[in-house]
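Have a look at my_file.txt below; it lists compact mmCIF, C-alpha atoms.
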# COMPACT_ATOMS: atom_id res chain seq x y z
CA MET P 254 37.77 1.28 -7.96
CA PRO P 255 38.75 3.05 -4.71
CA ASP P 256 41.28 1.28 -2.52
CA TRP P 257 38.98 1.28 0.54
CA LEU P 258 36.29 -0.50 -1.45
CA THR P 259 38.58 -3.30 -2.63
CA HIS P 260 39.75 -3.95 0.95
CA MET P 261 36.32 -3.79 2.58
CA GLU P 262 35.32 -6.87 4.54
CA PRO P 263 32.34 -8.61 2.89
CA HIS P 264 30.25 -8.55 6.06
CA TRP P 265 30.31 -4.73 6.03
CA ALA P 266 29.04 -4.77 2.45
CA TRP P 267 26.16 -7.08 3.45
CA LEU P 268 25.29 -5.00 6.51
CA SER P 269 25.40 -1.81 4.43
CA LEU P 270 23.24 -3.36 1.73
CA GLY P 271 20.73 -4.49 4.36
CA VAL P 272 20.47 -0.99 5.85
CA LEU P 273 20.13 0.57 2.38
CA LEU P 274 17.34 -1.85 1.45
CA ALA P 275 15.52 -1.13 4.73
CA ALA P 276 15.85 2.61 4.06
CA ALA P 277 14.61 2.10 0.50
CA GLU P 278 11.51 0.40 1.95
CA ILE P 279 10.74 3.61 3.83
CA VAL P 280 11.12 5.71 0.68
CA MET P 281 9.28 3.27 -1.63
CA PRO P 282 6.91 1.30 0.60
CA GLY P 283 5.79 -1.99 -0.83
CA PHE P 284 6.58 -4.44 1.99
CA PHE P 285 9.14 -6.22 -0.20
CA LEU P 286 12.56 -4.62 0.20
CA ILE P 287 12.50 -4.95 3.99
CA TRP P 288 12.70 -8.74 3.68
CA LEU P 289 15.65 -8.56 1.30
CA GLY P 290 17.28 -6.09 3.70
CA ALA P 291 16.75 -8.50 6.60
CA ALA P 292 18.28 -11.33 4.55
CA ALA P 293 21.30 -9.12 3.74
CA ILE P 294 21.77 -8.17 7.40
CA VAL P 295 21.56 -11.81 8.54
CA THR P 296 24.02 -12.75 5.78
CA GLY P 297 26.36 -9.99 7.01
CA VAL P 298 26.17 -11.24 10.60
CA ILE P 299 26.85 -14.83 9.47
CA ALA P 300 29.81 -13.65 7.34
CA TRP P 301 31.14 -11.69 10.34
CA VAL P 302 30.91 -14.64 12.75
CA VAL P 303 31.89 -17.44 10.34
CA PRO P 304 34.52 -16.56 7.73
CA ILE P 305 33.09 -17.98 4.50
CA ALA P 306 33.79 -17.24 0.85
CA VAL P 307 31.77 -14.66 -1.08
CA PRO P 308 30.08 -17.26 -3.36
CA ALA P 309 28.79 -19.05 -0.24
CA GLN P 310 27.60 -15.70 1.13
CA LEU P 311 25.67 -15.09 -2.11
CA GLY P 312 24.06 -18.53 -1.76
CA ILE P 313 23.11 -17.82 1.86
CA PHE P 314 21.63 -14.48 0.83
CA ALA P 315 19.61 -16.10 -1.98
CA ILE P 316 18.24 -18.79 0.34
CA LEU P 317 17.44 -16.34 3.14
CA SER P 318 15.74 -13.96 0.68
CA PHE P 319 13.56 -16.75 -0.69
CA VAL P 320 12.65 -18.00 2.80
CA ALA P 321 11.92 -14.49 4.12
CA LEU P 322 9.73 -13.55 1.14
CA TYR P 323 7.85 -16.86 1.24
CA ALA P 324 7.26 -16.63 5.00
CA ALA P 325 6.14 -12.98 4.77
CA ARG P 326 3.76 -13.73 1.91
CA LYS P 327 2.25 -16.70 3.75
CA TRP P 328 1.88 -14.69 6.97
CA LEU P 329 0.22 -11.79 5.16
CA ARG P 330 -2.14 -14.15 3.35
CA ASP P 331 -3.15 -15.72 6.70
CA ASN P 332 -3.28 -12.36 8.54
CA PRO P 333 -4.50 -9.71 6.07
CA ILE P 334 -4.08 -6.07 7.03
CA THR P 335 -7.47 -4.42 7.44
CA SER P 336 -7.95 -0.68 7.29
CA ALA P 337 -9.52 1.18 10.20
CA ASP P 338 -11.34 3.29 7.59
CA PRO P 339 -11.98 1.28 4.40
CA GLN P 340 -13.72 4.26 2.73
CA LEU P 341 -10.74 6.58 3.37
CA ASN P 342 -10.03 7.46 -0.27
CA GLN P 343 -13.52 6.81 -1.63
CA ARG P 344 -15.37 10.09 -1.24
CA ALA P 345 -18.50 8.86 -3.02
CA GLY P 346 -18.66 5.80 -0.76
CA ARG P 347 -18.39 8.00 2.32
CA LEU P 348 -21.52 9.89 1.25
CA VAL P 349 -23.80 6.83 1.59
CA GLY P 350 -26.58 7.70 4.03
CA GLU P 351 -26.23 11.48 3.61
CA ILE P 352 -29.24 13.65 2.86
CA LEU P 353 -28.72 15.94 -0.16
CA THR P 354 -30.75 18.64 -1.90
CA VAL P 355 -31.49 18.23 -5.60
CA THR P 356 -30.09 21.24 -7.52
CA ARG P 357 -31.04 20.10 -11.02
CA ALA P 358 -34.25 18.10 -11.25
CA ILE P 359 -33.84 14.36 -11.62
CA GLU P 360 -35.48 13.56 -14.93
CA ASP P 361 -35.27 10.20 -16.67
CA GLY P 362 -33.22 9.00 -13.71
CA ARG P 363 -30.47 11.65 -13.97
CA GLY P 364 -29.88 14.94 -12.18
CA ARG P 365 -27.56 16.80 -9.81
CA ALA P 366 -27.49 17.35 -6.05
CA ARG P 367 -25.58 19.63 -3.67
CA VAL P 368 -22.72 18.00 -1.76
CA GLY P 369 -20.98 20.47 0.53
CA ASP P 370 -20.10 23.46 -1.62
CA GLY P 371 -20.30 21.58 -4.93
CA GLU P 372 -22.64 19.48 -7.01
CA TRP P 373 -22.50 15.81 -7.87
CA PRO P 374 -24.33 13.87 -10.58
CA VAL P 375 -27.07 11.69 -9.14
CA ARG P 376 -29.18 8.83 -10.42
CA GLY P 377 -32.52 7.82 -9.02
CA PRO P 378 -36.28 8.28 -9.20
CA ASP P 379 -37.56 11.54 -10.72
CA ALA P 380 -37.50 14.42 -8.23
CA ALA P 381 -38.04 18.17 -8.50
CA GLU P 382 -35.38 20.75 -7.77
CA GLY P 383 -35.10 21.38 -4.02
CA THR P 384 -36.24 17.87 -3.06
CA LYS P 385 -34.31 16.09 -0.31
CA VAL P 386 -32.81 12.73 -1.31
CA ARG P 387 -30.75 10.11 0.55
CA VAL P 388 -27.61 8.58 -0.95
CA VAL P 389 -27.98 4.78 -1.03
CA SER P 390 -24.83 3.89 -2.97
CA ALA P 391 -22.19 5.19 -5.32
CA ASP P 392 -21.49 4.05 -8.87
CA GLY P 393 -18.12 5.53 -9.73
CA GLY P 394 -18.59 9.29 -9.49
CA VAL P 395 -22.40 9.09 -9.68
CA LEU P 396 -24.44 8.94 -6.47
CA VAL P 397 -27.47 6.63 -6.45
CA VAL P 398 -30.27 8.28 -4.46
CA GLU P 399 -33.81 7.65 -3.21
CA ALA P 400 -36.45 9.98 -1.82
CA ALA P 401 -35.63 10.99 1.75

Just dump the structure as structure tokens.
Amino acid sequence: MPDWLTHMEPHWAWLSLGVLLAAAEIVMPGFFLIWLGAAAIVTGVIAWVVPIAVPAQLGIFAILSFVALYAARKWLRDNPITSADPQLNQRAGRLVGEILTVTRAIEDGRGRARVGDGEWPVRGPDAAEGTKVRVVSADGGVLVVEAA
């Protein structure tokens, strides 16, 4: 082990660990590592101000980690994060209300309709090719339509 590492003050190790965990949260977002990083930074500050043994520092870190994770989980449960655009990654859901042109006649409830420069499978009442239909919902990758 390098000499500088064996003589490093424990508070610098805690502060470094806290910064690394916060940086890891940016790389792998999950809203978990940031709380462990905060606990490590607070442990480092406590170890810097009050000289305590490493086992006590580990205990403080464990307690602070538990408290931080519990408090964050409770806060997120009480204040859920809502998306400004809940249909962001649901292309079929975004098409609800659109008027489409049937490209392959809807027979026995199944057919195809033009969406932009492509075609999507549709399900709905029988309709001839060229008929205009309105998307009322999406069932996976199949659009549910009605006569427009």

Find the nearest atom pair between each residue of segment 302-382 of chain P and segment 279-293 of chain P for residues within 9 Å, count only C-alpha atoms, give distances in Å to one decimal, sort rows by chain and ascending number, and present the table as JSON lines.
{"residue": "P:Ile313", "atom": "CA", "partner": "P:Ala292", "partner_atom": "CA", "distance": 8.5}
{"residue": "P:Phe314", "atom": "CA", "partner": "P:Ala292", "partner_atom": "CA", "distance": 5.9}
{"residue": "P:Ala315", "atom": "CA", "partner": "P:Ala292", "partner_atom": "CA", "distance": 8.2}
{"residue": "P:Ile316", "atom": "CA", "partner": "P:Ala292", "partner_atom": "CA", "distance": 8.6}
{"residue": "P:Leu317", "atom": "CA", "partner": "P:Ala292", "partner_atom": "CA", "distance": 5.3}
{"residue": "P:Ser318", "atom": "CA", "partner": "P:Ala292", "partner_atom": "CA", "distance": 5.3}
{"residue": "P:Phe319", "atom": "CA", "partner": "P:Leu289", "partner_atom": "CA", "distance": 8.7}
{"residue": "P:Val320", "atom": "CA", "partner": "P:Ala292", "partner_atom": "CA", "distance": 8.9}
{"residue": "P:Ala321", "atom": "CA", "partner": "P:Trp288", "partner_atom": "CA", "distance": 5.8}
{"residue": "P:Leu322", "atom": "CA", "partner": "P:Trp288", "partner_atom": "CA", "distance": 6.2}
{"residue": "P:Ala325", "atom": "CA", "partner": "P:Trp288", "partner_atom": "CA", "distance": 7.9}

Writing out the chosen residues with C-alpha atoms as a PDB file, keeping the file's coordinate frame:
ATOM      1  CA  ILE P 313      23.110 -17.820   1.860  1.00  0.00           C
ATOM      2  CA  PHE P 314      21.630 -14.480   0.830  1.00  0.00           C
ATOM      3  CA  ALA P 315      19.610 -16.100  -1.980  1.00  0.00           C
ATOM      4  CA  ILE P 316      18.240 -18.790   0.340  1.00  0.00           C
ATOM      5  CA  LEU P 317      17.440 -16.340   3.140  1.00  0.00           C
ATOM      6  CA  SER P 318      15.740 -13.960   0.680  1.00  0.00           C
ATOM      7  CA  PHE P 319      13.560 -16.750  -0.690  1.00  0.00           C
ATOM      8  CA  VAL P 320      12.650 -18.000   2.800  1.00  0.00           C
ATOM      9  CA  ALA P 321      11.920 -14.490   4.120  1.00  0.00           C
ATOM     10  CA  LEU P 322       9.730 -13.550   1.140  1.00  0.00           C
ATOM     11  CA  ALA P 325       6.140 -12.980   4.770  1.00  0.00           C
TER      12      ALA P 325
END

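Note that the spacing between atom CA of Gly371 of chain P and atom CA of Ala337 of chain P amounts to 27.6 Å.
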
Distance criterion (only C-alpha atoms): nearest to Val349 of chain P out of P:Arg363, P:Arg326, P:Arg387, P:His264: P:Arg387

Kindly extract all protein, DNA and RNA residues lying within 10 Å of the coordinates (-33.0, 19.9, -2.7) given in the file, considering all atoms listed in the file, and supply them as a list in words. Ile352, Leu353, Thr354, Val355, Thr356, Arg357, Ala358, Arg365, Ala366, Arg367, Ala380, Ala381, Glu382, Gly383, Thr384, Lys385 and Val386 of chain P

Distance atom CA of Trp267 of chain P-atom CA of Tyr323 of chain P, one decimal place? 20.9 Å

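Counting from atom CA of Pro374 of chain P, the distance to atom CA of Val397 of chain P is 8.9 Å.
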
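Proximity ranking of P:Gly362, P:Ser390, P:Gly271, P:Pro263 relative to Pro308 of chain P places P:Pro263 first, based on only C-alpha atoms.
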
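Selection around (-37.8, 11.5, -14.6) with radius 6 Å, counting only C-alpha atoms, yields the residues Ile359, Glu360, Asp361, Gly362 and Asp379 of chain P.
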
Export of prior selection with C-alpha atoms as an mmCIF file, in the frame of the given file:
data_model
loop_
_atom_site.group_PDB
_atom_site.id
_atom_site.type_symbol
_atom_site.label_atom_id
_atom_site.label_comp_id
_atom_site.auth_asym_id
_atom_site.auth_seq_id
_atom_site.Cartn_x
_atom_site.Cartn_y
_atom_site.Cartn_z
ATOM 1 C CA ILE P 359 -33.840 14.360 -11.620
ATOM 2 C CA GLU P 360 -35.480 13.560 -14.930
ATOM 3 C CA ASP P 361 -35.270 10.200 -16.670
ATOM 4 C CA GLY P 362 -33.220 9.000 -13.710
ATOM 5 C CA ASP P 379 -37.560 11.540 -10.720
#
